[in-house]
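Quick look at work-v4.tsv (TSV, C-alpha atoms):
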chain	number	residue	atom	x	y	z
A	478	MET	CA	5.55	-159.93	43.95
A	479	LYS	CA	6.82	-157.98	41.02
A	480	HIS	CA	3.91	-155.55	41.38
A	481	LEU	CA	4.65	-154.96	45.03
A	482	PHE	CA	8.32	-154.30	44.30
A	483	ALA	CA	7.41	-151.77	41.61
A	484	LEU	CA	4.99	-150.05	43.95
A	485	LEU	CA	7.68	-149.72	46.63
A	486	ILE	CA	10.06	-148.17	44.11
A	487	ILE	CA	7.41	-145.60	43.10
A	488	VAL	CA	6.64	-144.78	46.73
A	489	ASN	CA	10.33	-144.35	47.52
A	490	LEU	CA	10.81	-142.05	44.50
A	491	GLY	CA	7.83	-139.98	45.55
A	492	LEU	CA	9.15	-139.64	49.11
A	493	PHE	CA	12.58	-138.75	47.80
A	494	ALA	CA	11.14	-136.07	45.52
A	495	TYR	CA	8.98	-134.63	48.29
A	496	PHE	CA	11.79	-134.24	50.78
A	497	ASN	CA	14.19	-132.88	48.18
A	498	ARG	CA	11.75	-130.57	46.34
A	499	GLU	CA	13.80	-127.43	47.10
A	500	ILE	CA	16.75	-129.02	45.28
A	501	LEU	CA	14.82	-130.51	42.40
A	502	LEU	CA	12.52	-127.49	41.79
A	503	PRO	CA	13.92	-123.95	41.32
A	504	ALA	CA	12.71	-121.50	43.90
A	505	PRO	CA	10.53	-118.57	42.65
A	506	PRO	CA	12.46	-115.33	42.34
A	507	GLN	CA	12.41	-113.24	45.45
A	508	ILE	CA	11.63	-109.56	44.97
A	509	LYS	CA	13.34	-107.58	47.62
A	510	ALA	CA	11.16	-104.84	48.92
A	511	THR	CA	12.62	-101.41	48.51
A	512	GLU	CA	13.82	-100.12	51.77
A	513	ILE	CA	12.28	-96.79	52.74
A	514	ASN	CA	14.52	-94.42	54.61
A	515	PRO	CA	12.40	-91.63	56.17
A	516	GLU	CA	15.44	-89.37	56.62
A	517	LYS	CA	15.96	-89.33	52.80
A	518	ILE	CA	12.41	-88.21	51.96
A	519	ILE	CA	12.27	-84.63	50.54
A	520	VAL	CA	8.98	-82.75	50.60
A	521	LEU	CA	8.66	-80.45	47.57
A	522	PRO	CA	7.11	-77.01	48.14
A	523	GLU	CA	3.71	-76.30	46.59
A	524	GLU	CA	5.23	-73.76	44.15
A	525	ALA	CA	7.58	-76.41	42.75
A	526	LEU	CA	4.69	-78.82	42.28
A	527	THR	CA	2.72	-76.09	40.50
A	528	ASN	CA	5.65	-75.28	38.21
A	529	GLN	CA	6.21	-78.93	37.48
A	530	THR	CA	2.54	-79.40	36.63
A	531	ALA	CA	2.58	-76.32	34.40
A	532	ALA	CA	5.71	-77.57	32.64
A	533	THR	CA	4.04	-80.86	31.79
A	534	THR	CA	0.73	-79.27	30.78
A	535	PRO	CA	0.56	-78.32	27.09
A	536	LEU	CA	0.15	-74.60	26.54
A	537	GLU	CA	-3.13	-73.43	25.10
A	538	VAL	CA	-2.41	-71.24	22.09
A	539	ASN	CA	-5.04	-68.68	21.23
A	540	PRO	CA	-5.32	-67.78	17.57
A	541	ILE	CA	-4.26	-64.19	16.76
A	542	GLU	CA	-7.15	-62.25	15.41
A	543	PRO	CA	-6.32	-59.76	12.67
A	544	GLN	CA	-6.74	-56.15	13.77
A	545	ALA	CA	-9.09	-53.95	11.83
A	546	PRO	CA	-7.39	-51.01	10.10
A	547	VAL	CA	-7.68	-47.71	11.91
A	548	ALA	CA	-10.06	-45.43	10.05
A	549	SER	CA	-8.77	-42.00	9.06
A	550	THR	CA	-10.51	-38.90	10.33
A	551	CYS	CA	-10.41	-35.72	8.29
A	552	TYR	CA	-11.55	-32.15	8.82
A	553	GLU	CA	-12.09	-29.38	6.30
A	554	TRP	CA	-11.23	-25.81	7.24
A	555	GLY	CA	-12.29	-22.96	5.01
A	556	VAL	CA	-13.22	-21.29	2.81
A	557	PHE	CA	-10.23	-18.99	2.19
A	558	ALA	CA	-9.84	-16.41	-0.53
A	559	ASP	CA	-6.57	-16.51	-2.46
A	560	ASN	CA	-5.19	-13.55	-0.51
A	561	ASN	CA	-5.68	-15.31	2.86
A	562	LEU	CA	-4.87	-18.93	2.02
A	563	ALA	CA	-1.14	-18.62	2.76
A	564	ASN	CA	-1.86	-17.22	6.23
A	565	ALA	CA	-4.11	-20.19	6.99
A	566	GLN	CA	-1.46	-22.64	5.78
A	567	ASN	CA	1.19	-20.99	7.96
A	568	ALA	CA	-1.12	-21.21	10.97
A	569	LEU	CA	-1.55	-24.97	10.45
A	570	SER	CA	2.18	-25.47	9.88
A	571	ALA	CA	2.79	-23.96	13.31
A	572	LEU	CA	0.60	-26.79	14.66
A	573	THR	CA	2.72	-29.37	12.74
A	574	LEU	CA	-0.14	-30.03	10.32
A	575	GLN	CA	0.33	-30.40	6.57
A	576	PRO	CA	-3.09	-29.89	4.96
A	577	THR	CA	-4.15	-30.62	1.41
A	578	ILE	CA	-5.53	-27.71	-0.60
A	579	LYS	CA	-9.03	-28.31	-1.92
A	580	GLU	CA	-10.22	-25.83	-4.53
A	581	GLN	CA	-13.74	-24.45	-4.24
A	582	THR	CA	-16.00	-22.87	-6.80
A	583	SER	CA	-17.35	-19.38	-6.24
A	584	GLN	CA	-20.73	-20.91	-5.39
A	585	GLN	CA	-19.21	-23.28	-2.83
A	586	ALA	CA	-17.27	-20.39	-1.34
A	587	LYS	CA	-20.34	-18.33	-0.51
A	588	ARG	CA	-20.52	-17.52	3.18
A	589	PHE	CA	-23.13	-15.34	4.85
A	590	TRP	CA	-21.72	-13.56	7.86
A	591	VAL	CA	-23.67	-12.16	10.80
A	592	TYR	CA	-21.66	-9.49	12.62
A	593	ARG	CA	-21.50	-6.08	14.24
A	594	ALA	CA	-19.37	-3.41	12.59
A	595	PRO	CA	-15.81	-2.85	13.88
A	596	ALA	CA	-15.40	-0.77	17.02
A	597	LYS	CA	-12.81	2.01	17.23
A	598	SER	CA	-10.61	0.01	19.61
A	599	ALA	CA	-10.18	-3.39	21.16
A	600	ALA	CA	-11.32	-2.02	24.52
A	601	GLU	CA	-14.52	-0.64	22.99
A	602	ALA	CA	-15.18	-3.94	21.22
A	603	GLN	CA	-14.70	-5.91	24.45
A	604	ALA	CA	-17.02	-3.56	26.32
A	605	LYS	CA	-19.69	-4.14	23.67
A	606	VAL	CA	-19.18	-7.93	24.00
A	607	ASN	CA	-19.84	-7.67	27.74
A	608	GLU	CA	-23.05	-5.70	27.08
A	609	ILE	CA	-24.28	-8.30	24.60
A	610	LYS	CA	-23.48	-11.17	26.99
A	611	ALA	CA	-25.71	-9.48	29.56
A	612	LEU	CA	-28.54	-9.88	27.03
A	613	GLY	CA	-28.06	-13.66	27.06
A	614	VAL	CA	-25.84	-14.07	23.98
A	615	GLN	CA	-22.65	-16.08	24.51
A	616	ASP	CA	-21.52	-17.28	21.08
A	617	MET	CA	-19.42	-14.46	19.59
A	618	PHE	CA	-15.84	-13.22	19.34
A	619	VAL	CA	-13.88	-10.08	18.48
A	620	VAL	CA	-12.38	-10.31	14.99
A	621	GLN	CA	-8.60	-9.83	14.63
A	622	GLU	CA	-8.46	-10.06	10.84
A	623	SER	CA	-6.92	-6.85	9.50
A	624	ASN	CA	-9.81	-5.83	7.22
A	625	TRP	CA	-12.42	-6.40	9.96
A	626	LYS	CA	-10.40	-5.81	13.11
A	627	ASN	CA	-12.53	-5.26	16.25
A	628	ALA	CA	-15.75	-6.33	14.56
A	629	ILE	CA	-17.93	-8.73	16.56
A	630	SER	CA	-18.72	-11.99	14.80
A	631	PHE	CA	-21.84	-13.97	15.70
A	632	GLY	CA	-21.69	-16.69	13.04
A	633	ILE	CA	-21.07	-17.53	9.42
A	634	PHE	CA	-23.20	-19.84	7.27
A	635	SER	CA	-23.24	-21.38	3.82
A	636	ASP	CA	-27.05	-21.19	3.93
A	637	GLU	CA	-28.35	-17.61	3.84
A	638	LYS	CA	-31.59	-18.58	5.61
A	639	LEU	CA	-29.62	-19.64	8.69
A	640	ALA	CA	-27.84	-16.29	8.73
A	641	ILE	CA	-31.15	-14.41	8.48
A	642	ASN	CA	-32.61	-16.45	11.36
A	643	LEU	CA	-29.63	-15.68	13.59
A	644	GLN	CA	-29.84	-11.99	12.76
A	645	LYS	CA	-33.52	-11.92	13.78
A	646	GLU	CA	-32.83	-13.83	17.02
A	647	LEU	CA	-30.14	-11.36	18.03
A	648	GLN	CA	-32.34	-8.39	17.26
A	649	ALA	CA	-35.16	-9.94	19.27
A	650	LYS	CA	-32.82	-10.16	22.30
A	651	GLY	CA	-32.00	-6.46	22.00
A	652	VAL	CA	-28.67	-6.62	20.17
A	653	LYS	CA	-28.43	-3.51	17.98
A	654	ASN	CA	-26.63	-2.88	14.69
A	655	VAL	CA	-26.49	-6.57	13.72
A	656	GLU	CA	-25.64	-6.90	10.03
A	657	LYS	CA	-25.44	-9.67	7.45
A	658	THR	CA	-23.07	-9.69	4.52
A	659	LEU	CA	-21.77	-12.06	1.85
A	660	ARG	CA	-18.15	-13.02	2.53
A	661	SER	CA	-16.98	-13.98	-0.97
A	662	GLN	CA	-14.06	-11.72	-1.68
A	663	GLY	CA	-11.29	-12.63	-4.11
A	664	LYS	CA	-11.09	-14.56	-7.36
A	665	HIS	CA	-10.01	-18.01	-6.16
A	666	TYR	CA	-11.24	-19.95	-3.16
A	667	SER	CA	-9.86	-22.96	-1.35
A	668	SER	CA	-10.36	-24.97	1.78
A	669	LEU	CA	-7.76	-27.00	3.65
A	670	LEU	CA	-8.24	-30.74	4.23
A	671	ILE	CA	-6.59	-31.93	7.46
A	672	SER	CA	-5.93	-35.64	8.05
A	673	ASN	CA	-6.08	-37.22	11.51
A	674	PRO	CA	-5.69	-34.12	13.67
A	675	SER	CA	-5.44	-34.66	17.40
A	676	GLU	CA	-7.97	-33.22	19.85
A	677	THR	CA	-5.36	-30.69	20.95
A	678	GLN	CA	-4.73	-29.57	17.38
A	679	LEU	CA	-8.46	-29.19	16.72
A	680	ALA	CA	-8.80	-27.05	19.84
A	681	GLU	CA	-5.94	-24.83	18.65
A	682	ILE	CA	-7.54	-24.39	15.23
A	683	LYS	CA	-10.78	-23.25	16.87
A	684	LYS	CA	-8.79	-20.63	18.76
A	685	LEU	CA	-7.77	-19.16	15.38
A	686	LYS	CA	-11.36	-18.11	14.67
A	687	PRO	CA	-10.76	-14.39	15.38
A	688	ASN	CA	-8.04	-14.34	12.71
A	689	PHE	CA	-10.12	-16.25	10.16
A	690	PRO	CA	-13.76	-15.30	10.89
A	691	ALA	CA	-15.03	-16.56	7.52
A	692	ALA	CA	-13.59	-20.07	7.97
A	693	GLU	CA	-15.55	-23.05	9.26
A	694	LEU	CA	-14.02	-26.20	10.76
A	695	LYS	CA	-16.07	-29.31	10.09
A	696	GLU	CA	-15.57	-33.06	9.78
A	697	ALA	CA	-15.31	-34.16	6.15
A	698	SER	CA	-14.56	-37.10	3.90
A	699	CYS	CA	-10.87	-37.92	3.48
A	700	SER	CA	-11.24	-38.54	-0.27

Encoding of this model in structure tokens:
Amino acid sequence: MKHLFALLIIVNLGLFAYFNREILLPAPPQIKATEINPEKIIVLPEEALTNQTAATTPLEVNPIEPQAPVASTCYEWGVFADNNLANAQNALSALTLQPTIKEQTSQQAKRFWVYRAPAKSAAEAQAKVNEIKALGVQDMFVVQESNWKNAISFGIFSDEKLAINLQKELQAKGVKNVEKTLRSQGKHYSSLLISNPSETQLAEIKKLKPNFPAAELKEASCS
């Protein structure tokens, strides 16, 4: 009898707990779904998305490579006797060039000149140039230097053999009265070293050839 009474009490407690479970047990937390309002949705333009992506992407930094130093280019113009050096310097100053004087020995200053003797006038010299051009010779100019004014210059060389060869070539083409002489006049000789001249300046120096027929312009070491 006692066992039956105990069993009834347990059954009643179980029924009571079952029907009152919402009171006895706490309900699990309810997560309220976020309401979506279509009218509040903003569509970002593609450019904004691109900018935003770029802003969040780390920039790639390229290492800076050291630049190689620009090499100097020098030209040597000469040789000039002491009585003509100042004129050459003034000509370069007019081209905004400040050359360095480089002294030469008498042996270094030797220049063998191939030329035709001065004509009586500039017109006569130019007429002779036209005649020689008709023979197929193009490389020459009328000298304006005071001591050799209106002479026709064909070339000047530090090697005498080259001067002799040119003289023979001109004679073979029919050019008459072609002479060769040693242009080493004066006691002191110098050349002018020009640093980093522009192409325009080099072209202007070449135009000075009639005034300085014994001078050569050539690329040289800057030291």

For this session: Give me the residues within 10 Å of stretch 669-679 of chain A as JSON, numbers by chain, counting all atoms listed in the file and dropping any in the same chain fewer than 6 places off.
Result: {"A": [548, 549, 550, 551, 552, 553, 554, 555, 556, 557, 562, 565, 566, 569, 572, 573, 574, 575, 576, 577, 578, 579, 580, 694, 695, 696, 697, 698, 699, 700]}

Could you write out that same residue set with C-alpha atoms as an mmCIF file, in the coordinates of the input?
data_model
loop_
_atom_site.group_PDB
_atom_site.id
_atom_site.type_symbol
_atom_site.label_atom_id
_atom_site.label_comp_id
_atom_site.auth_asym_id
_atom_site.auth_seq_id
_atom_site.Cartn_x
_atom_site.Cartn_y
_atom_site.Cartn_z
ATOM 1 C CA ALA A 548 -10.060 -45.430 10.050
ATOM 2 C CA SER A 549 -8.770 -42.000 9.060
ATOM 3 C CA THR A 550 -10.510 -38.900 10.330
ATOM 4 C CA CYS A 551 -10.410 -35.720 8.290
ATOM 5 C CA TYR A 552 -11.550 -32.150 8.820
ATOM 6 C CA GLU A 553 -12.090 -29.380 6.300
ATOM 7 C CA TRP A 554 -11.230 -25.810 7.240
ATOM 8 C CA GLY A 555 -12.290 -22.960 5.010
ATOM 9 C CA VAL A 556 -13.220 -21.290 2.810
ATOM 10 C CA PHE A 557 -10.230 -18.990 2.190
ATOM 11 C CA LEU A 562 -4.870 -18.930 2.020
ATOM 12 C CA ALA A 565 -4.110 -20.190 6.990
ATOM 13 C CA GLN A 566 -1.460 -22.640 5.780
ATOM 14 C CA LEU A 569 -1.550 -24.970 10.450
ATOM 15 C CA LEU A 572 0.600 -26.790 14.660
ATOM 16 C CA THR A 573 2.720 -29.370 12.740
ATOM 17 C CA LEU A 574 -0.140 -30.030 10.320
ATOM 18 C CA GLN A 575 0.330 -30.400 6.570
ATOM 19 C CA PRO A 576 -3.090 -29.890 4.960
ATOM 20 C CA THR A 577 -4.150 -30.620 1.410
ATOM 21 C CA ILE A 578 -5.530 -27.710 -0.600
ATOM 22 C CA LYS A 579 -9.030 -28.310 -1.920
ATOM 23 C CA GLU A 580 -10.220 -25.830 -4.530
ATOM 24 C CA LEU A 694 -14.020 -26.200 10.760
ATOM 25 C CA LYS A 695 -16.070 -29.310 10.090
ATOM 26 C CA GLU A 696 -15.570 -33.060 9.780
ATOM 27 C CA ALA A 697 -15.310 -34.160 6.150
ATOM 28 C CA SER A 698 -14.560 -37.100 3.900
ATOM 29 C CA CYS A 699 -10.870 -37.920 3.480
ATOM 30 C CA SER A 700 -11.240 -38.540 -0.270
#

Can you pull out the residues contacting A:Thr658? Cut-off 7 Å, using all atoms listed in the file, and skip same-chain residues under 4 positions away; I want them as a CSV table (one decimal) with C-alpha atoms, in the frame of the given file.
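Done, and the output landed in part-v6.csv:
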chain,number,residue,atom,x,y,z
A,589,PHE,CA,-23.1,-15.3,4.8
A,590,TRP,CA,-21.7,-13.6,7.9
A,591,VAL,CA,-23.7,-12.2,10.8

Seminar exercise, completed: The distance between atom CA of A:His665 and atom CA of A:Asp559 is 5.3 Å

Problem set entry | A:Leu643 environment, 12 Å, all atoms listed in the file, sequence neighbours closer than 2 positions dropped, as a ChimeraX atom specification | /A:589-592,614,616-617,630-634,636-641,645-650,652,655-657

Filtering to C-alpha atoms, could you give me those residues as a compact mmCIF listing (two decimals), in the frame of the given file?
# COMPACT_ATOMS: atom_id res chain seq x y z
CA PHE A 589 -23.13 -15.34 4.85
CA TRP A 590 -21.72 -13.56 7.86
CA VAL A 591 -23.67 -12.16 10.80
CA TYR A 592 -21.66 -9.49 12.62
CA VAL A 614 -25.84 -14.07 23.98
CA ASP A 616 -21.52 -17.28 21.08
CA MET A 617 -19.42 -14.46 19.59
CA SER A 630 -18.72 -11.99 14.80
CA PHE A 631 -21.84 -13.97 15.70
CA GLY A 632 -21.69 -16.69 13.04
CA ILE A 633 -21.07 -17.53 9.42
CA PHE A 634 -23.20 -19.84 7.27
CA ASP A 636 -27.05 -21.19 3.93
CA GLU A 637 -28.35 -17.61 3.84
CA LYS A 638 -31.59 -18.58 5.61
CA LEU A 639 -29.62 -19.64 8.69
CA ALA A 640 -27.84 -16.29 8.73
CA ILE A 641 -31.15 -14.41 8.48
CA LYS A 645 -33.52 -11.92 13.78
CA GLU A 646 -32.83 -13.83 17.02
CA LEU A 647 -30.14 -11.36 18.03
CA GLN A 648 -32.34 -8.39 17.26
CA ALA A 649 -35.16 -9.94 19.27
CA LYS A 650 -32.82 -10.16 22.30
CA VAL A 652 -28.67 -6.62 20.17
CA VAL A 655 -26.49 -6.57 13.72
CA GLU A 656 -25.64 -6.90 10.03
CA LYS A 657 -25.44 -9.67 7.45

For this session: May I have the residues within 10 Å of stretch 618-621 of chain A as a ChimeraX atom specification, using all atoms listed in the file and disregarding those fewer than 3 positions away in the same chain?
Result: /A:592-593,595-596,599,602-603,605-606,615,624-632,685-690

Problem set entry | Distance criterion (all atoms listed in the file): nearest to A:Asn564 out of A:Glu608, A:Glu622, A:Glu681, A:Glu601 |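 Among the listed residues, A:Glu622 lies closest to A:Asn564.
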
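One finds atom CA of A:Ser623 at 12.8 Å from atom CA of A:Ser598.
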